[in-house]
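Reproduced below: data-v5.txt, with compact mmCIF, C-alpha atoms and all ligand atoms.
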# COMPACT_ATOMS: atom_id res chain seq x y z
CA MET H 617 10.07 36.05 9.18
CA GLU H 618 9.33 39.55 8.02
CA ARG H 619 6.66 40.48 5.52
CA PHE H 620 7.66 43.61 3.75
CA ALA H 621 6.24 43.80 0.29
CA THR H 622 2.93 42.90 -1.23
CA ASN H 623 1.25 43.19 -4.57
CA ARG H 624 -2.07 41.97 -5.86
CA PHE H 625 -0.94 38.40 -6.40
CA SER H 626 1.93 37.76 -4.06
CA VAL H 627 3.25 38.40 -0.61
CA PHE H 628 7.04 38.27 -0.32
CA ILE H 629 8.88 37.14 2.77
CA LEU H 630 12.47 37.64 3.84
CA SER H 631 13.58 34.80 6.07
CA PRO H 632 16.82 33.26 7.34
CA ARG H 633 18.03 30.71 4.84
CA PRO H 634 17.67 27.20 6.32
CA ARG H 635 21.09 25.84 7.26
CA TYR H 636 20.54 22.52 5.55
CA LEU H 637 20.27 24.30 2.22
CA GLU H 638 23.88 25.44 2.70
CA GLU H 639 24.89 21.84 3.17
CA ARG H 640 22.66 20.62 0.30
CA PRO H 641 22.54 17.07 1.72
CA LEU H 642 19.62 16.20 -0.52
CA ASP H 643 21.10 17.52 -3.75
CA ARG H 644 23.46 15.80 -6.12
CA GLU H 645 26.07 17.16 -8.47
CA GLU H 646 24.24 15.95 -11.55
CA ASP H 647 21.19 18.09 -10.68
CA PHE H 648 22.98 21.25 -11.67
CA CYS H 649 24.02 20.72 -15.23
CA GLY H 650 22.73 23.95 -16.79
CA ASP H 651 20.62 27.05 -16.33
CA ASN H 652 17.44 25.27 -17.33
CA ILE H 653 16.50 21.90 -16.05
CA SER H 654 13.46 19.68 -16.42
CA THR H 655 11.32 18.59 -13.48
CA ILE H 656 12.15 15.01 -14.55
CA SER H 657 15.63 15.47 -13.08
CA ARG H 658 15.31 14.23 -9.50
CA PRO H 659 13.59 10.82 -9.41
CA TRP H 660 15.77 9.87 -6.44
CA LEU H 661 14.14 12.70 -4.46
CA TRP H 662 10.62 11.45 -5.31
CA LYS H 663 11.66 8.02 -4.07
CA HIS H 664 13.30 9.52 -0.97
CA TRP H 665 10.04 11.29 -0.01
CA PHE H 666 8.02 8.14 -0.67
CA ASN H 667 10.36 6.00 1.41
CA ILE H 668 10.51 8.25 4.48
CA CYS H 669 6.73 8.64 4.38
CA SER H 670 6.08 4.89 4.04
CA GLU H 671 8.67 3.92 6.62
CA SER H 672 8.61 6.61 9.30
CA HIS H 673 5.45 8.74 9.15
CA GLU H 674 3.13 7.36 11.79
CA LYS H 675 -0.07 8.92 10.41
CA CYS H 676 0.67 7.86 6.84
CA ARG H 677 1.69 4.35 7.85
CA ALA H 678 -1.58 3.99 9.77
CA LEU H 679 -3.45 4.60 6.50
CA ASP H 680 -1.31 1.97 4.74
CA HIS H 681 -2.04 -0.62 7.40
CA LYS H 682 -5.76 -0.13 7.98
CA SER H 683 -7.72 -3.36 8.11
CA GLU H 684 -10.03 -2.67 5.16
CA LYS H 685 -8.18 -3.62 1.97
CA PHE H 686 -9.42 -2.18 -1.29
CA LEU H 687 -8.30 -2.58 -4.86
CA PRO H 688 -9.92 -1.03 -7.94
CA ASP H 689 -11.64 -3.58 -10.19
CA ARG H 690 -9.10 -2.91 -12.94
CA LEU H 691 -5.50 -1.71 -13.01
CA LEU H 692 -2.82 -1.13 -15.62
CA GLU H 693 0.29 -3.28 -15.29
CA ILE H 694 3.48 -1.45 -16.25
CA LEU H 695 6.01 -3.62 -18.05
CA THR H 696 9.59 -2.75 -18.92
CA GLY H 697 12.52 -4.82 -20.05
CA ASP H 698 15.10 -2.06 -20.32
CA GLY H 699 15.13 -0.41 -16.90
CA GLY H 700 12.44 2.17 -17.64
CA LYS H 701 13.66 3.47 -21.00
CA SER H 702 10.46 2.22 -22.65
CA PHE H 703 7.25 0.66 -21.41
CA ASN H 704 4.61 -1.81 -22.41
CA TRP H 705 1.39 -2.03 -20.50
CA LYS H 706 -1.80 -4.08 -20.22
CA LEU H 707 -5.15 -3.97 -18.49
CA VAL H 708 -5.52 -6.45 -15.61
CA HIS H 709 -8.38 -7.46 -13.32
CA SER H 710 -7.53 -7.10 -9.66
CA ALA H 711 -9.48 -10.20 -8.59
CA GLY H 712 -6.37 -12.39 -8.68
CA LEU H 713 -4.03 -9.83 -7.10
CA HIS H 714 -3.16 -9.75 -3.40
CA ASP H 715 -0.91 -7.53 -1.28
CA ILE H 716 -0.02 -5.19 -4.08
CA MET H 717 0.42 -1.43 -4.09
CA TYR H 718 -0.84 0.79 -6.85
CA ALA H 719 -0.50 4.44 -7.84
CA THR H 720 -3.16 6.71 -9.35
CA LEU H 721 -2.95 9.57 -11.83
CA SER H 722 -4.69 12.95 -11.51
CA HIS H 723 -4.75 14.72 -14.86
CA CYS H 724 -6.69 17.12 -17.05
CA TRP H 725 -8.36 15.49 -20.02
CA GLY H 726 -8.37 18.83 -21.84
CA ALA H 727 -8.70 18.94 -25.60
CA SER H 728 -6.23 16.17 -26.43
CA GLN H 729 -7.48 12.90 -27.86
CA HIS H 730 -7.51 10.36 -25.09
CA ALA H 731 -6.68 6.72 -25.25
CA LYS H 732 -9.82 5.04 -23.96
CA LEU H 733 -10.99 1.71 -22.75
CA GLU H 734 -14.10 0.80 -24.76
CA ARG H 735 -16.22 -2.31 -25.19
CA GLU H 736 -14.77 -2.87 -28.64
CA ASN H 737 -11.10 -2.83 -27.56
CA TYR H 738 -11.50 -4.37 -24.08
CA LEU H 739 -9.89 -7.74 -24.88
CA PHE H 740 -7.14 -6.10 -26.95
CA ARG H 741 -6.24 -3.89 -23.93
CA MET H 742 -5.55 -7.01 -21.88
CA GLU H 743 -2.61 -7.88 -24.16
CA PRO H 744 0.77 -6.19 -23.62
CA THR H 745 0.97 -3.09 -25.80
CA SER H 746 3.59 -0.42 -26.34
CA SER H 747 3.00 2.85 -24.48
CA PHE H 748 4.38 4.71 -27.49
CA TRP H 749 0.94 5.77 -28.78
CA LEU H 750 -0.41 6.87 -25.38
CA PRO H 751 -0.69 10.59 -24.45
CA LYS H 752 2.56 11.99 -23.07
CA THR H 753 1.05 12.51 -19.62
CA PHE H 754 0.29 8.77 -19.37
CA ARG H 755 3.78 7.79 -20.53
CA ASP H 756 5.34 10.19 -18.01
CA ALA H 757 3.10 8.76 -15.28
CA PHE H 758 4.38 5.24 -16.12
CA TYR H 759 7.95 6.50 -15.75
CA ILE H 760 7.24 8.19 -12.40
CA ALA H 761 5.37 5.15 -11.06
CA PHE H 762 8.24 2.89 -12.16
CA LYS H 763 10.80 5.15 -10.43
CA LEU H 764 8.73 5.02 -7.24
CA GLY H 765 8.69 1.23 -7.41
CA PHE H 766 5.10 0.64 -8.60
CA ARG H 767 4.08 -2.11 -11.00
CA PHE H 768 0.44 -1.05 -11.17
CA ILE H 769 -1.28 2.25 -11.84
CA TRP H 770 -4.93 3.33 -12.18
CA ILE H 771 -5.83 5.85 -14.90
CA ASP H 772 -9.52 6.70 -15.34
CA SER H 773 -9.81 6.66 -19.13
CA LEU H 774 -8.07 3.26 -19.40
CA CYS H 775 -9.69 1.58 -16.39
CA ILE H 776 -13.34 2.63 -16.89
CA VAL H 777 -15.21 1.45 -19.98
CA GLN H 778 -15.94 4.82 -21.51
CA ASP H 779 -18.85 3.78 -23.72
CA ASP H 780 -20.63 1.74 -21.04
CA ASN H 781 -22.84 3.96 -18.90
CA ASP H 782 -23.46 1.27 -16.27
CA ASP H 783 -19.73 0.67 -15.86
CA TRP H 784 -19.07 4.40 -15.64
CA LEU H 785 -21.66 4.81 -12.88
CA THR H 786 -20.28 1.84 -10.92
CA GLN H 787 -16.67 2.96 -11.20
CA ALA H 788 -17.40 6.67 -10.64
CA SER H 789 -19.12 5.83 -7.35
CA MET H 790 -15.89 4.08 -6.24
CA MET H 791 -13.62 6.91 -7.38
CA GLY H 792 -13.12 8.23 -3.84
CA SER H 793 -12.04 4.80 -2.57
CA ILE H 794 -9.73 4.32 -5.55
CA TYR H 795 -7.76 7.49 -4.75
CA GLU H 796 -8.01 7.05 -0.97
CA ASN H 797 -6.46 3.58 -1.11
CA ALA H 798 -3.69 4.26 -3.62
CA SER H 799 -0.22 4.31 -2.10
CA CYS H 800 0.63 7.47 -4.03
CA ASN H 801 -1.21 9.85 -6.32
CA ILE H 802 0.79 11.30 -9.23
CA ALA H 803 -0.57 14.72 -10.21
CA ALA H 804 0.13 16.24 -13.63
CA THR H 805 -0.48 19.61 -11.99
CA TRP H 806 0.67 22.13 -14.58
CA ALA H 807 -0.50 20.22 -17.67
CA ARG H 808 -3.64 21.48 -19.39
CA ASP H 809 -4.15 18.27 -21.36
CA GLY H 810 -2.67 14.87 -22.06
CA ASP H 811 -0.18 16.18 -24.62
CA ASN H 812 1.68 18.42 -22.13
CA GLY H 813 3.04 15.54 -20.06
CA CYS H 814 3.98 15.74 -16.39
CA PHE H 815 7.37 17.41 -16.75
CA SER H 816 8.19 21.04 -17.47
CA THR H 817 11.39 23.00 -18.09
CA ARG H 818 12.07 25.58 -15.44
CA GLU H 819 14.64 28.16 -14.44
CA MET H 820 16.90 26.99 -11.64
CA ASN H 821 16.68 30.31 -9.79
CA GLU H 822 14.41 28.98 -7.09
CA SER H 823 14.81 31.91 -4.68
CA THR H 824 16.97 34.97 -4.19
CA THR H 825 19.54 34.84 -1.43
CA ILE H 826 21.07 37.97 0.11
CA SER H 827 23.52 38.50 2.98
CA LEU H 828 22.52 40.99 5.64
CA ASP H 829 24.30 42.36 8.70
CA PHE H 830 21.32 41.52 10.91
CA PRO H 831 21.17 41.38 13.84
CA PRO H 832 23.94 44.02 13.79
CA GLY H 833 27.35 42.41 13.90
CA GLU H 834 26.04 39.04 12.73
CA THR H 835 26.01 38.54 8.99
CA LYS H 836 23.53 35.89 7.84
CA ASP H 837 22.11 34.65 4.56
CA TYR H 838 18.45 35.50 4.03
CA GLN H 839 16.22 34.44 1.22
CA PHE H 840 13.46 36.26 -0.51
CA ASP H 841 10.41 34.10 -1.22
CA ASP H 842 6.94 34.45 -2.62
CA CYS H 843 4.74 33.04 0.12
CA ARG H 844 1.91 32.41 -2.35
CA ARG H 845 4.07 30.24 -4.59
CA TYR H 846 2.80 26.98 -3.10
CA HIS H 847 -0.82 28.11 -3.38
CA ASN H 848 -0.38 29.55 -6.87
CA GLU H 849 1.52 26.54 -8.19
CA LEU H 850 -0.78 23.90 -6.74
CA THR H 851 -4.26 25.11 -5.81
CA LYS H 852 -4.51 27.55 -8.73
CA ALA H 853 -2.82 25.26 -11.26
CA PRO H 854 -4.83 24.03 -14.28
CA LEU H 855 -5.32 20.59 -12.74
CA ASN H 856 -6.76 21.86 -9.47
CA THR H 857 -9.39 24.01 -11.16
CA ARG H 858 -11.14 20.81 -12.28
CA GLY H 859 -13.99 19.62 -10.07
CA TRP H 860 -13.18 15.89 -10.23
CA VAL H 861 -9.64 16.49 -9.02
CA ILE H 862 -10.49 18.12 -5.69
CA GLN H 863 -11.39 14.88 -3.94
CA GLU H 864 -8.41 13.14 -5.53
CA ARG H 865 -6.02 15.53 -3.76
CA TYR H 866 -8.00 15.61 -0.51
CA LEU H 867 -8.30 11.83 -0.26
CA ALA H 868 -4.82 10.82 -1.44
CA ARG H 869 -2.57 9.36 1.26
CA ARG H 870 0.39 11.02 -0.39
CA GLN H 871 0.69 13.07 -3.54
CA LEU H 872 3.58 13.89 -5.84
CA SER H 873 2.62 17.02 -7.81
CA PHE H 874 4.45 18.02 -11.00
CA ALA H 875 3.99 21.79 -11.07
CA GLN H 876 5.38 24.38 -13.46
CA SER H 877 8.60 25.20 -11.59
CA GLN H 878 9.20 22.20 -9.37
CA VAL H 879 7.92 18.96 -7.89
CA TYR H 880 5.98 19.02 -4.61
CA TRP H 881 5.36 16.31 -2.03
CA GLU H 882 2.25 16.30 0.19
CA CYS H 883 1.28 13.81 2.87
CA ARG H 884 -0.15 13.98 6.42
CA GLU H 885 3.26 14.76 7.94
CA LEU H 886 5.32 16.51 5.26
CA THR H 887 4.80 19.24 2.70
CA ALA H 888 8.02 19.56 0.71
CA SER H 889 9.34 20.80 -2.60
CA GLU H 890 12.58 20.57 -4.52
CA GLN H 891 13.44 23.98 -3.10
CA TYR H 892 12.65 22.82 0.45
CA PRO H 893 13.11 19.03 0.32
CA LYS H 894 12.91 18.64 4.10
CA GLY H 895 9.71 20.65 4.43
CA ILE H 896 8.41 24.02 3.24
CA PRO H 897 8.43 26.61 6.08
CA LYS H 898 4.91 27.11 7.43
CA ASP H 899 4.85 30.83 6.56
CA LEU H 900 5.25 29.88 2.92
CA ILE H 901 2.25 27.55 2.83
CA ASP H 902 -0.39 29.05 5.09
CA ASP H 903 -1.19 32.17 3.06
CA ASN H 904 -4.09 31.61 0.69
CA PRO H 905 -7.37 33.41 0.08
CA LEU H 906 -9.36 30.19 0.40
CA LEU H 907 -8.30 29.81 4.05
CA LEU H 908 -7.18 26.27 3.35
CA PRO H 909 -5.01 24.82 6.12
CA PRO H 910 -1.25 24.70 5.49
CA GLY H 911 -0.11 21.73 3.45
CA LYS H 912 -2.10 18.93 1.96
CA PRO H 913 -5.85 19.60 2.22
CA THR H 914 -7.83 16.93 4.06
CA LEU H 915 -11.07 16.47 6.00
CA ASP H 916 -9.96 13.70 8.34
CA TYR H 917 -9.70 15.88 11.43
CA LEU H 918 -10.45 14.37 14.81
CA ASP H 919 -11.70 17.76 15.99
CA THR H 920 -15.37 18.28 15.06
CA ILE H 921 -15.07 22.05 14.63
CA GLU H 922 -12.01 21.69 12.41
CA ARG H 923 -13.86 19.13 10.31
CA ARG H 924 -16.97 21.29 9.92
CA SER H 925 -14.89 24.37 9.08
CA GLY H 926 -12.97 22.19 6.63
CA TRP H 927 -16.21 21.33 4.85
CA ILE H 928 -17.11 25.03 4.53
CA ARG H 929 -13.70 25.80 3.03
CA LEU H 930 -14.04 22.80 0.73
CA VAL H 931 -17.43 24.06 -0.55
CA ASN H 932 -15.99 27.51 -1.29
CA HIS H 933 -13.05 25.93 -3.11
CA TYR H 934 -15.10 23.32 -4.94
CA SER H 935 -17.61 25.85 -6.23
CA LEU H 936 -14.77 27.62 -8.09
CA CYS H 937 -14.00 24.50 -10.10
CA LYS H 938 -15.01 23.64 -13.62
CA PHE H 939 -16.76 20.56 -14.96
CA SER H 940 -16.90 19.21 -18.49
CA LYS H 941 -20.35 17.95 -17.54
CA ILE H 942 -22.02 19.97 -14.78
CA SER H 943 -24.16 16.91 -14.04
CA ASP H 944 -21.01 15.39 -12.42
CA LYS H 945 -21.00 18.04 -9.70
CA MET H 946 -22.51 15.87 -6.96
CA ILE H 947 -20.90 12.54 -7.84
CA ALA H 948 -17.42 14.11 -8.03
CA LEU H 949 -17.80 15.04 -4.35
CA ALA H 950 -19.25 11.69 -3.26
CA GLY H 951 -15.94 10.29 -2.01
CA LEU H 952 -15.44 13.19 0.40
CA ALA H 953 -19.06 13.03 1.57
CA ARG H 954 -18.56 9.33 2.28
CA GLN H 955 -15.38 10.04 4.24
CA MET H 956 -17.21 12.67 6.33
CA SER H 957 -20.13 10.33 7.00
CA LEU H 958 -17.74 7.65 8.31
CA MET H 959 -16.19 10.14 10.73
CA GLN H 960 -19.36 11.57 12.21
CA ASP H 961 -22.93 10.63 13.06
CA ASP H 962 -24.68 13.03 10.72
CA THR H 963 -26.90 13.06 7.63
CA TYR H 964 -25.70 14.33 4.25
CA LEU H 965 -28.22 16.61 2.55
CA ALA H 966 -27.26 17.50 -1.03
CA GLY H 967 -23.89 19.06 -0.15
CA LEU H 968 -24.73 20.13 3.43
CA TRP H 969 -24.75 18.36 6.82
CA LYS H 970 -27.94 18.14 8.85
CA LYS H 971 -26.51 18.93 12.30
CA ASP H 972 -24.90 22.05 10.89
CA LEU H 973 -27.74 22.99 8.58
CA GLN H 974 -28.63 26.42 9.94
CA ASP H 975 -25.04 27.60 9.48
CA GLN H 976 -24.35 25.82 6.20
CA LEU H 977 -27.48 27.31 4.63
CA CYS H 978 -25.80 30.73 4.93
CA TRP H 979 -24.17 30.74 1.50
CA ARG H 980 -24.47 33.27 -1.30
CA THR H 981 -23.25 33.56 -4.84
CA ASP H 982 -20.00 35.47 -5.34
CA ASP H 983 -21.00 38.81 -6.88
CA LYS H 984 -17.34 39.54 -7.70
CA ALA H 985 -16.91 36.31 -9.64
CA GLU H 986 -15.12 36.60 -12.98
CA THR H 987 -17.32 33.89 -14.49
CA ASP H 988 -21.09 33.67 -14.84
CA VAL H 989 -22.91 32.35 -11.81
CA LEU H 990 -26.05 30.54 -12.91
CA ARG H 991 -28.69 28.26 -11.50
CA ILE H 992 -28.11 24.81 -13.00
CA PRO H 993 -31.08 24.35 -15.37
CA SER H 994 -31.60 20.61 -14.87
CA TYR H 995 -32.25 19.34 -11.35
CA LEU H 996 -29.08 18.45 -9.47
CA ALA H 997 -29.87 19.58 -5.92
CA PRO H 998 -32.62 21.56 -4.12
CA THR H 999 -32.46 25.33 -4.57
CA TRP H 1000 -31.42 25.76 -0.92
CA SER H 1001 -28.20 23.86 -1.66
CA TRP H 1002 -25.09 25.58 -3.01
CA ALA H 1003 -24.83 22.56 -5.34
CA SER H 1004 -27.77 23.92 -7.37
CA ILE H 1005 -25.49 26.75 -8.59
CA ASP H 1006 -22.94 26.59 -11.40
CA GLY H 1007 -20.27 29.06 -10.26
CA PRO H 1008 -18.51 30.36 -7.16
CA VAL H 1009 -20.42 30.58 -3.89
CA ILE H 1010 -19.26 31.98 -0.58
CA SER H 1011 -20.34 30.37 2.65
CA ASP H 1012 -20.84 32.51 5.71
CA LEU H 1013 -17.31 33.04 7.00
CA SER H 1014 -18.56 34.56 10.25
CA TYR H 1015 -19.56 31.00 11.12
CA HIS H 1016 -15.97 29.90 10.58
CA TRP H 1017 -14.48 32.83 12.45
CA LYS H 1018 -17.05 32.56 15.23
CA ASN H 1019 -15.85 29.05 16.02
CA LEU H 1020 -12.19 29.97 15.82
CA ALA H 1021 -12.68 33.15 17.85
CA SER H 1022 -14.60 31.42 20.62
CA ARG H 1023 -11.90 28.77 20.92
CA SER H 1024 -9.20 31.44 21.02
CA LEU H 1025 -10.99 33.26 23.83
CA ILE H 1026 -11.29 30.08 25.85
CA LYS H 1027 -7.61 29.30 25.36
CA PHE H 1028 -6.65 32.84 26.35
CA TRP H 1029 -8.76 32.70 29.52
CA MET H 1030 -7.23 29.37 30.58
CA TYR H 1031 -3.74 30.70 29.95
CA ARG H 1032 -4.34 33.81 32.07
CA SER H 1033 -5.77 31.74 34.91
CA ILE H 1034 -2.80 29.43 35.08
CA ARG H 1035 -0.27 32.25 34.78
CA ASN H 1036 -1.83 34.28 37.60
CA THR H 1037 -2.12 31.63 40.24
CA ASN H 1038 0.43 28.95 39.42
CA SER H 1039 -2.17 26.40 40.57
CA THR H 1040 -4.16 23.61 39.04
CA TYR H 1041 -7.66 24.69 38.06
CA THR H 1042 -10.87 23.03 37.16
CA VAL H 1043 -11.97 24.98 34.16
CA SER H 1044 -15.62 25.33 33.16
CA LEU H 1045 -16.19 26.52 29.62
CA HIS H 1046 -18.98 28.83 28.58
CA PRO H 1047 -20.07 29.72 25.07
CA ALA H 1048 -18.23 32.86 24.09
CA TRP H 1049 -20.84 33.86 21.52
ZN ZN G 1101 3.83 10.89 5.08
Would you mind writing the structure in this file as structure tokens?
Amino acid sequence: MERFATNRFSVFILSPRPRYLEERPLDREEDFCGDNISTISRPWLWKHWFNICSESHEKCRALDHKSEKFLPDRLLEILTGDGGKSFNWKLVHSAGLHDIMYATLSHCWGASQHAKLERENYLFRMEPTSSFWLPKTFRDAFYIAFKLGFRFIWIDSLCIVQDDNDDWLTQASMMGSIYENASCNIAATWARDGDNGCFSTREMNESTTISLDFPPGETKDYQFDDCRRYHNELTKAPLNTRGWVIQERYLARRQLSFAQSQVYWECRELTASEQYPKGIPKDLIDDNPLLLPPGKPTLDYLDTIERRSGWIRLVNHYSLCKFSKISDKMIALAGLARQMSLMQDDTYLAGLWKKDLQDQLCWRTDDKAETDVLRIPSYLAPTWSWASIDGPVISDLSYHWKNLASRSLIKFWMYRSIRNTNSTYTVSLHPAW
């Protein structure tokens, strides 16, 4: 791939057009019925991604088959008698349910009026009701879940009693487990509120293809792509600027994201889009200013250094996000803190980890931030924690680079040794810094 043009927001890449796109084995005639097309148009592709992930991805299947079984206390049962043209739904308790799969919804509450579960309507919600009066995003999520083969879905505003503080605290503390144990997370990525829905209308010009006589004498098709598209459409989308949503994407086993121009799939083994249904080329997903790893963000690395660097990147990313109530800042990260604590013998200290404390204390506020950066007036975390700040912070990147650089030097030294002697070596490693 050749990078040859940049501007402030994008880096463009010219790359050989993947052969399978010529064959279009994953497209169907009916997909191309006009210049504009809605992102609702390819439910068979959503199902295709879900099936290959559930059936053949070793890492993803391991998450499905782990011994600990978890179900949220409440779920919504999706009911249809006409093949998905319309839906009824009802609230159910999970106590009597066994061996079921459920989906979750990530969405922006925004300014739209939300359907809520409240003490007053609790019993009424347990009766089948038409979805007609629900926000469009919820109705779309029912449709997507139905197309993926789900009968149950969890949506926060309809599964947590919104006017019961005790229930909210109990359920919010389980939020990480709820998303971590869902079989698929449906993300209304481009929607700013519940009225937008999941689907958008987009132009079908997904990339520009040109033929070049390169190498000389060999004419090939090349395509011109924005290598920040994945980052801009997902990480910078309205949904992913919300603090609560960060752990939902990190913890999800698999996520189907409905972005502005297309639908994206993310799991442990595949990052795909409608443009690249068999996998987005790595050069098109590894370029982002947050230094997030290519593909679906996660913290479940086996490598300790990767995991610790992942936490630093997460903090930088998380501090950019907005909260309707800033008091949620710590609890909205609790699921990821719990995941980290299960993977390592360490102590969590208000957003930092004890064994890494001297490095993780090296954060500062972002003096180039476009929003105000303020100390949170009411106590949320000690002043030495980044979590005491409302606004972007930057952790010491030299810590991150130091670890990467020292590993690179060690790798390079081993490589040179083996190349020079063609023998087997016992290698002793020394700190490079
Ligand atoms: Zn997978």
Open item on the list: List as an NGL selection string the protein and nucleic acid residues lying within 8 Å of ligand ZN 1101 (chain G), with only C-alpha atoms and all ligand atoms counted.
Closed with: :H and (666 or 668-670 or 672-677 or 869-870 or 882-886)
TODO: Pick out the closest residue to Lys971 of chain H from this set: H:Arg924, H:Lys663, H:Leu949, H:Trp770. Count all atoms listed in the file.
DONE: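 Result for the nearest residue to Lys971 of chain H: H:Arg924.
Minimum distance to Trp725 of chain H across H:Leu828, H:Ala761, H:Ile862, H:Leu855 (counting only C-alpha atoms) occurs at H:Leu855.
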So that I can check the surroundings of Ile694 of chain H, please list as a PDB file with C-alpha atoms, keeping the file's coordinate frame every protein, DNA and RNA residue that reaches within 6 Å of it, counting all atoms listed in the file and ignoring chain neighbours fewer than 5 positions away.
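Now in selection01.pdb:
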ATOM      1  CA  TRP H 705       1.390  -2.030 -20.500  1.00  0.00           C
ATOM      2  CA  ARG H 767       4.080  -2.110 -11.000  1.00  0.00           C
ATOM      3  CA  PHE H 768       0.440  -1.050 -11.170  1.00  0.00           C
TER       4      PHE H 768
END
Open item on the list: Residues within 7 Å of segment 897-911 of chain H, please, as a ChimeraX atom specification. Count only C-alpha atoms; anything in the same chain fewer than 3 positions from it doesn't count.
Closed with: /H:843-844,846-847,882,887,929,933
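The spacing separating atom CA of Ile716 of chain H from atom CA of Lys752 of chain H amounts to 25.7 Å.
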Open item on the list: Using all atoms listed in the file, which protein or nucleic acid residues come within 6 Å of Ser747 of chain H? Drop anything in the same chain fewer than 3 positions from it, and give the result as a list in words.
Closed with: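 After dropping sequence-adjacent residues, the list is Phe703, Asn704 and Leu750 of chain H.
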